Structure formats: C-alpha cells, structure tokens
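K.L.:
Provided below: input_3.txt, containing compact mmCIF, C-alpha atoms.
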```txt
# COMPACT_ATOMS: atom_id res chain seq x y z
CA ARG A 1 6.23 -32.18 36.53
CA ALA A 2 3.80 -29.24 36.36
CA SER A 3 0.70 -28.68 38.44
CA LEU A 4 -2.15 -26.18 38.55
CA ALA A 5 -3.13 -24.11 41.52
CA THR A 6 -6.53 -24.72 43.05
CA GLY A 7 -9.20 -23.10 40.89
CA ALA A 8 -6.90 -22.78 37.85
CA ALA A 9 -7.51 -24.40 34.46
CA LEU A 10 -5.77 -24.72 31.12
CA ASP A 11 -7.14 -22.78 28.17
CA ALA A 12 -5.81 -23.20 24.63
CA GLY A 13 -7.03 -19.73 23.63
CA GLY A 14 -3.48 -18.37 23.46
CA VAL A 15 -2.47 -20.89 20.79
CA GLY A 16 -5.82 -22.19 19.55
CA LYS A 17 -5.91 -20.15 16.35
CA GLY A 18 -2.33 -21.14 15.59
CA ILE A 19 -3.11 -24.83 16.00
CA ALA A 20 -6.08 -24.45 13.63
CA LEU A 21 -4.02 -22.57 11.03
CA ASP A 22 -1.29 -25.23 11.07
CA ALA A 23 -3.91 -27.96 10.60
CA ILE A 24 -5.57 -26.11 7.70
CA ALA A 25 -2.21 -25.57 6.00
CA VAL A 26 -1.44 -29.31 6.24
CA GLU A 27 -4.76 -30.16 4.58
CA LEU A 28 -4.27 -27.57 1.85
CA ARG A 29 -0.82 -28.93 0.99
CA ARG A 30 -2.15 -32.47 1.11
CA GLY A 31 -4.81 -31.42 -1.39
CA GLY A 32 -2.21 -30.06 -3.79
CA ALA A 33 -2.23 -26.34 -2.95
CA THR A 34 1.07 -24.66 -3.80
CA GLY A 35 0.23 -21.31 -2.20
CA ALA A 36 -2.23 -19.88 0.30
CA PHE A 37 -2.73 -17.00 2.71
CA LEU A 38 -4.81 -17.68 5.83
CA ASP A 39 -5.92 -14.88 8.14
CA PHE A 40 -7.64 -15.46 11.49
CA GLY A 41 -8.72 -11.97 12.50
CA GLY A 42 -5.42 -10.23 11.78
CA SER A 43 -3.73 -11.46 14.96
CA SER A 44 -2.85 -14.92 13.55
CA GLN A 45 -1.80 -15.43 9.94
CA LEU A 46 -0.12 -18.14 7.90
CA ALA A 47 1.19 -18.07 4.34
CA PHE A 48 3.08 -20.45 2.09
CA GLY A 49 4.08 -20.41 -1.56
CA ARG A 50 3.17 -17.36 -3.61
CA SER A 51 0.09 -15.48 -4.73
CA GLU A 52 -1.66 -16.09 -8.05
CA ALA A 53 0.43 -13.23 -9.43
CA GLY A 54 3.60 -15.11 -8.45
CA GLU A 55 4.49 -12.62 -5.73
CA PRO A 56 5.29 -13.16 -2.03
CA TRP A 57 2.48 -12.68 0.47
CA ARG A 58 3.26 -9.24 1.90
CA VAL A 59 1.77 -8.39 5.29
CA ALA A 60 1.49 -5.00 7.01
CA VAL A 61 2.98 -4.92 10.52
CA ALA A 62 1.07 -2.68 12.92
CA GLY A 63 2.57 -0.60 15.70
CA ILE A 64 1.04 -0.04 19.10
CA GLU A 65 -0.57 3.25 18.09
CA PRO A 66 -3.44 3.30 15.58
CA GLY A 67 -2.54 4.78 12.23
CA PRO A 68 0.87 4.39 10.54
CA ILE A 69 2.22 0.86 10.26
CA LEU A 70 5.81 -0.14 11.07
CA GLY A 71 6.24 -1.53 7.57
CA THR A 72 5.64 -4.75 5.66
CA ILE A 73 7.20 -8.21 5.54
CA ALA A 74 7.07 -10.98 2.96
CA LEU A 75 5.45 -13.82 4.90
CA ASP A 76 6.46 -17.42 4.25
CA GLY A 77 5.43 -19.03 7.52
CA ALA A 78 3.28 -17.73 10.36
CA LEU A 79 2.79 -14.38 12.06
CA ALA A 80 1.04 -13.72 15.37
CA THR A 81 0.39 -10.57 17.39
CA SER A 82 -0.50 -10.14 21.06
CA ARG A 83 -1.46 -6.71 22.32
CA SER A 84 -3.06 -4.96 25.27
CA ARG A 85 -6.85 -4.95 25.32
CA PRO A 86 -8.88 -1.88 26.27
CA ALA A 87 -10.67 -1.88 29.61
CA GLY A 88 -13.84 -3.95 29.50
CA ASP A 89 -12.78 -6.02 26.47
CA ALA A 90 -14.45 -9.44 26.64
CA SER A 91 -11.18 -11.26 25.89
CA GLY A 92 -9.68 -9.89 29.08
CA PRO A 93 -6.08 -8.96 29.91
CA ILE A 94 -2.96 -11.11 29.59
CA VAL A 95 -1.70 -12.48 32.92
CA ASP A 96 1.97 -12.75 33.88
CA PRO A 97 2.22 -16.41 34.96
CA ARG A 98 5.26 -15.72 37.15
CA ASP A 99 3.22 -13.93 39.79
CA GLY A 100 -0.39 -13.91 38.54
CA SER A 101 -0.44 -10.16 37.96
CA LEU A 102 -2.13 -8.50 35.00
CA VAL A 103 0.10 -6.94 32.34
CA ALA A 104 -1.39 -3.48 32.63
CA GLU A 105 1.11 -1.52 30.53
CA PRO A 106 -0.04 -1.01 26.92
CA ARG A 107 2.21 -3.32 24.95
CA LEU A 108 2.42 -5.18 21.63
CA ALA A 109 4.42 -8.17 20.43
CA THR A 110 4.48 -9.57 16.88
CA CYS A 111 6.31 -12.81 16.06
CA VAL A 112 7.18 -14.73 12.90
CA ALA A 113 7.82 -18.48 13.03
CA THR A 114 7.52 -21.53 10.81
CA SER A 115 4.52 -22.76 12.84
CA ALA A 116 1.41 -20.71 13.65
CA ALA A 117 1.07 -22.36 17.05
CA VAL A 118 4.67 -21.47 17.88
CA ALA A 119 4.16 -17.88 16.69
CA ASP A 120 1.03 -17.59 18.85
CA ALA A 121 2.81 -18.94 21.93
CA TRP A 122 5.83 -16.71 21.52
CA SER A 123 3.84 -13.54 20.86
CA THR A 124 2.08 -14.05 24.20
CA ALA A 125 5.36 -14.84 25.97
CA LEU A 126 7.09 -11.78 24.52
CA PHE A 127 4.10 -9.63 25.41
CA VAL A 128 4.87 -10.54 29.04
CA LEU A 129 8.68 -10.67 28.88
CA SER A 130 9.09 -7.73 26.44
CA SER A 131 12.33 -6.99 24.55
CA ALA A 132 14.50 -8.73 27.17
CA ALA A 133 13.53 -12.08 25.61
CA LEU A 134 14.03 -11.22 21.92
CA ALA A 135 17.47 -12.86 21.75
CA ARG A 136 16.11 -16.00 23.40
CA ALA A 137 13.27 -16.16 20.87
CA GLU A 138 15.72 -16.08 17.97
CA THR A 139 17.54 -19.12 19.36
CA TYR A 140 14.26 -20.96 18.72
CA GLY A 141 13.98 -19.61 15.17
CA VAL A 142 11.42 -16.95 16.09
CA THR A 143 11.87 -13.34 14.98
CA ALA A 144 9.86 -10.58 16.60
CA VAL A 145 9.19 -6.93 17.34
CA VAL A 146 7.86 -5.56 20.64
CA GLN A 147 6.68 -2.08 21.50
CA ALA A 148 5.42 -0.37 24.64
CA ALA A 149 3.21 2.73 24.68
CA GLY A 150 5.24 5.88 24.11
CA GLY A 151 8.37 3.94 23.12
CA PRO A 152 9.97 2.92 19.84
CA PRO A 153 9.54 -0.58 18.41
CA VAL A 154 12.40 -2.94 19.34
CA SER A 155 13.10 -5.74 16.85
CA SER A 156 15.20 -8.86 16.91
CA PRO A 157 17.93 -8.84 14.22
CA GLY A 158 16.03 -11.28 12.00
CA PHE A 159 12.81 -9.30 12.12
CA ALA A 160 14.64 -6.03 11.44
CA ARG A 161 16.21 -7.54 8.31
CA ALA A 162 12.84 -8.76 7.03
CA LEU A 163 10.88 -5.57 7.73
CA VAL A 164 10.50 -3.11 4.86
CA SER A 165 9.54 0.19 6.42
CA LEU A 166 7.50 2.85 4.61
CA GLU A 167 10.57 5.08 4.81
CA ARG A 168 12.63 2.48 2.95
CA ILE A 169 9.91 2.15 0.31
CA ARG A 170 9.84 5.93 -0.16
CA GLU A 171 13.63 6.04 -0.45
CA THR A 172 13.66 3.20 -2.99
CA LEU A 173 11.10 4.64 -5.42
CA PRO A 174 13.15 7.64 -6.66
CA MET A 175 16.31 5.51 -6.98
CA LEU A 176 14.39 2.78 -8.81
CA ASP A 177 13.05 5.35 -11.25
CA VAL A 178 16.50 6.84 -11.89
CA LEU A 179 18.19 3.46 -12.40
CA LEU A 180 15.50 2.14 -14.70
CA HIS A 181 15.36 5.40 -16.63
CA GLY A 182 19.11 5.28 -17.29
CA CYS A 183 18.92 1.67 -18.44
CA PHE A 184 15.94 2.18 -20.72
CA VAL A 185 17.13 5.43 -22.28
CA ALA A 186 20.42 3.72 -23.10
CA THR A 187 18.69 0.85 -24.89
CA GLY A 188 16.11 3.09 -26.55
CA ARG A 189 13.57 0.27 -26.70
CA VAL A 190 9.94 1.25 -26.39
CA ARG A 191 9.03 -2.07 -24.77
CA LYS A 192 11.51 -1.52 -21.95
CA ARG A 193 10.49 2.11 -21.53
CA ASN A 194 6.92 0.92 -21.06
CA CYS A 195 8.16 -1.71 -18.60
CA ARG A 196 9.99 1.01 -16.66
CA TRP A 197 6.77 3.02 -16.38
CA GLU A 198 4.73 -0.01 -15.37
CA VAL A 199 7.16 -1.10 -12.65
CA THR A 200 7.56 2.40 -11.21
CA GLU A 201 3.83 3.14 -11.30
CA ARG A 202 3.08 -0.21 -9.67
CA CYS A 203 5.43 0.59 -6.78
CA LYS A 204 3.90 4.03 -6.36
CA ARG A 205 0.38 2.62 -6.36
CA SER A 206 1.37 0.10 -3.69
CA LEU A 207 2.84 2.88 -1.53
CA ASP A 208 -0.25 5.04 -2.01
CA GLU A 209 -2.47 2.15 -0.96
CA LEU A 210 -0.41 1.54 2.19
CA ASN A 211 -0.57 5.23 3.08
CA ARG A 212 -4.34 5.37 2.54
CA LYS A 213 -4.91 2.33 4.76
CA TYR A 214 -2.36 2.90 7.48
CA GLY A 215 -0.73 6.31 7.05
```
Since I need it in another form, could you write the structure as structure tokens?
P.N.:
Amino acid sequence: RASLATGAALDAGGVGKGIALDAIAVELRRGGATGAFLDFGGSSQLAFGRSEAGEPWRVAVAGIEPGPILGTIALDGALATSRSRPAGDASGPIVDPRDGSLVAEPRLATCVATSAAVADAWSTALFVLSSAALARAETYGVTAVVQAAGGPPVSSPGFARALVSLERIRETLPMLDVLLHGCFVATGRVRKRNCRWEVTERCKRSLDELNRKYG
C-alpha cells in the first residue's frame, strides 16, 4: 500500500505525453495506418511501421551538450528523454523521490521501449538513478543512454547496439563506395553504376544534413 505525505499530490506530467502517444497509436492502427511517426516536442516520440519511402523512422539522439548528436537510431517503438532544466524554467526540476531532494546535477537520460508511457517513466527514473540502473532497465525490455555534464554517455548494451554514431556513418561511407565501385565495375552495367552513385550520394547527403543540424 502506498500513501502520500501531507501536502503532496500525484501528477501525471512525467508520463502524460507517453499515455497520449500510446492512445493515438492505437487509434491510428485501428483506422488502418501501417506506419506513423508521432513527435510530442522532441522529448517523447513514437513510431511504427515505415515511412512512405519504405524506410525505418530514424531519430537523432541528443547528448547533454548542445551541438553534436550522439548518433541516430531506427525507431520502432517509443523514445523518451528527461534532462535537467535551466534555472527558472517553468517546468521545474526533477525531484528524487527517495529523499525529496532536487536533482541539481546537469543530467540526461534517453530510453527506448515498446510503450511511450513506459519510456517516459523510465527516462525519469534513470535521470534520478543514473547509469547504476541501466542493467535493471534492460530486464524490463528498456534500452537507454544516460549522460552527466562533463562525462561520456553511458549506454545499456541494447541501446549501444542500436545507436549508429556519426563516426560509424563516416567510416561506412568510404567502404560502401569502394565495395559498390568494385561490384559495378566488374559488371560493367550502366544501370548499376548509376545505382552506385545514387546510393553513395544519398548517404553523403544524409550525413551532410545531420552535420548541418547537429554538428
């Protein structure tokens, strides 16, 4: 049995957007939608199926510092982020429920789960508990990354496998070009040579766009 201290109240703000996203996704599927990407302000997102181009919904994962992103993931489920708010922000700080203290240290936690409400709840919990709880989160099917100011991002194994960093994209492009070039020169077919150019240029354009936005 749980009880509230005098003067305390329950507020669904920590999971409210996730609950709404899950409900919207149910209605979309019920209406026949085979793919959708829903974004509630960047901190709560849900995706299922594929885009109109037949590609996975790829989402940029921010780090604690403004500027370069940590990388991208193909989202088929829900993603939620909890992070420190600047002084005076109307949304206020996150409170550690164990002792009622404010979590003053700049910190960020991003979670991926099958449910948006679950992702929301776990991102707030991991914001408080930090990397010590990553293994516990994975036992519930939640993958995550946490980062404190001045420190490196720490990922659960599942999140690390899903994350495609900008460094990995940069490393892949030259190898992709070499492999495709060898294949297409060997066949000598103009159609495949054009395909090689299109695929390589598309990858490069995607990387350039990521760098312009977040690099």
K.L.:
Excluding Gly18 in chain A and any residue of its chain fewer than 4 positions from it, enumerate the residues within 10 Å of it, using only C-alpha atoms, and give them as a ChimeraX atom specification.
P.N.:
/A:12-14,22-24,40,43-46,78-80,115-121
K.L.:
Could those selected residues go to a file with C-alpha atoms, as an mmCIF file, in the coordinates of the input?
P.N.:
```
data_model
loop_
_atom_site.group_PDB
_atom_site.id
_atom_site.type_symbol
_atom_site.label_atom_id
_atom_site.label_comp_id
_atom_site.auth_asym_id
_atom_site.auth_seq_id
_atom_site.Cartn_x
_atom_site.Cartn_y
_atom_site.Cartn_z
ATOM 1 C CA ALA A 12 -5.810 -23.200 24.630
ATOM 2 C CA GLY A 13 -7.030 -19.730 23.630
ATOM 3 C CA GLY A 14 -3.480 -18.370 23.460
ATOM 4 C CA ASP A 22 -1.290 -25.230 11.070
ATOM 5 C CA ALA A 23 -3.910 -27.960 10.600
ATOM 6 C CA ILE A 24 -5.570 -26.110 7.700
ATOM 7 C CA PHE A 40 -7.640 -15.460 11.490
ATOM 8 C CA SER A 43 -3.730 -11.460 14.960
ATOM 9 C CA SER A 44 -2.850 -14.920 13.550
ATOM 10 C CA GLN A 45 -1.800 -15.430 9.940
ATOM 11 C CA LEU A 46 -0.120 -18.140 7.900
ATOM 12 C CA ALA A 78 3.280 -17.730 10.360
ATOM 13 C CA LEU A 79 2.790 -14.380 12.060
ATOM 14 C CA ALA A 80 1.040 -13.720 15.370
ATOM 15 C CA SER A 115 4.520 -22.760 12.840
ATOM 16 C CA ALA A 116 1.410 -20.710 13.650
ATOM 17 C CA ALA A 117 1.070 -22.360 17.050
ATOM 18 C CA VAL A 118 4.670 -21.470 17.880
ATOM 19 C CA ALA A 119 4.160 -17.880 16.690
ATOM 20 C CA ASP A 120 1.030 -17.590 18.850
ATOM 21 C CA ALA A 121 2.810 -18.940 21.930
#
```
K.L.:
Take CA of Gly35 in chain A and CA of Pro68 in chain A and report the distance between them in Å, one decimal.
P.N.:
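Interatomic distance here is 28.7 Å.
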K.L.:
Point out the residue among A:Pro106, A:Arg1, A:Val61, A:Thr114 with the least atom-to-atom distance to Phe48 in chain A, counting all atoms listed in the file.
P.N.:
A:Thr114
K.L.:
In Å, how far is it from CA of Gly7 in chain A to CA of Val128 in chain A?
P.N.:
22.3 Å
K.L.:
Could you state the separation of CA of Gly150 in chain A and CA of Ile69 in chain A in Å, given to one decimal place?
P.N.:
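So the two atoms, CA of Gly150 in chain A and CA of Ile69 in chain A, lie 15.0 Å apart.
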K.L.:
Looking at only C-alpha atoms, which of A:Ala137, A:Ala20, A:Leu102, A:Leu108 is the one that sits closest to Ser84 in chain A?
P.N.:
A:Leu108
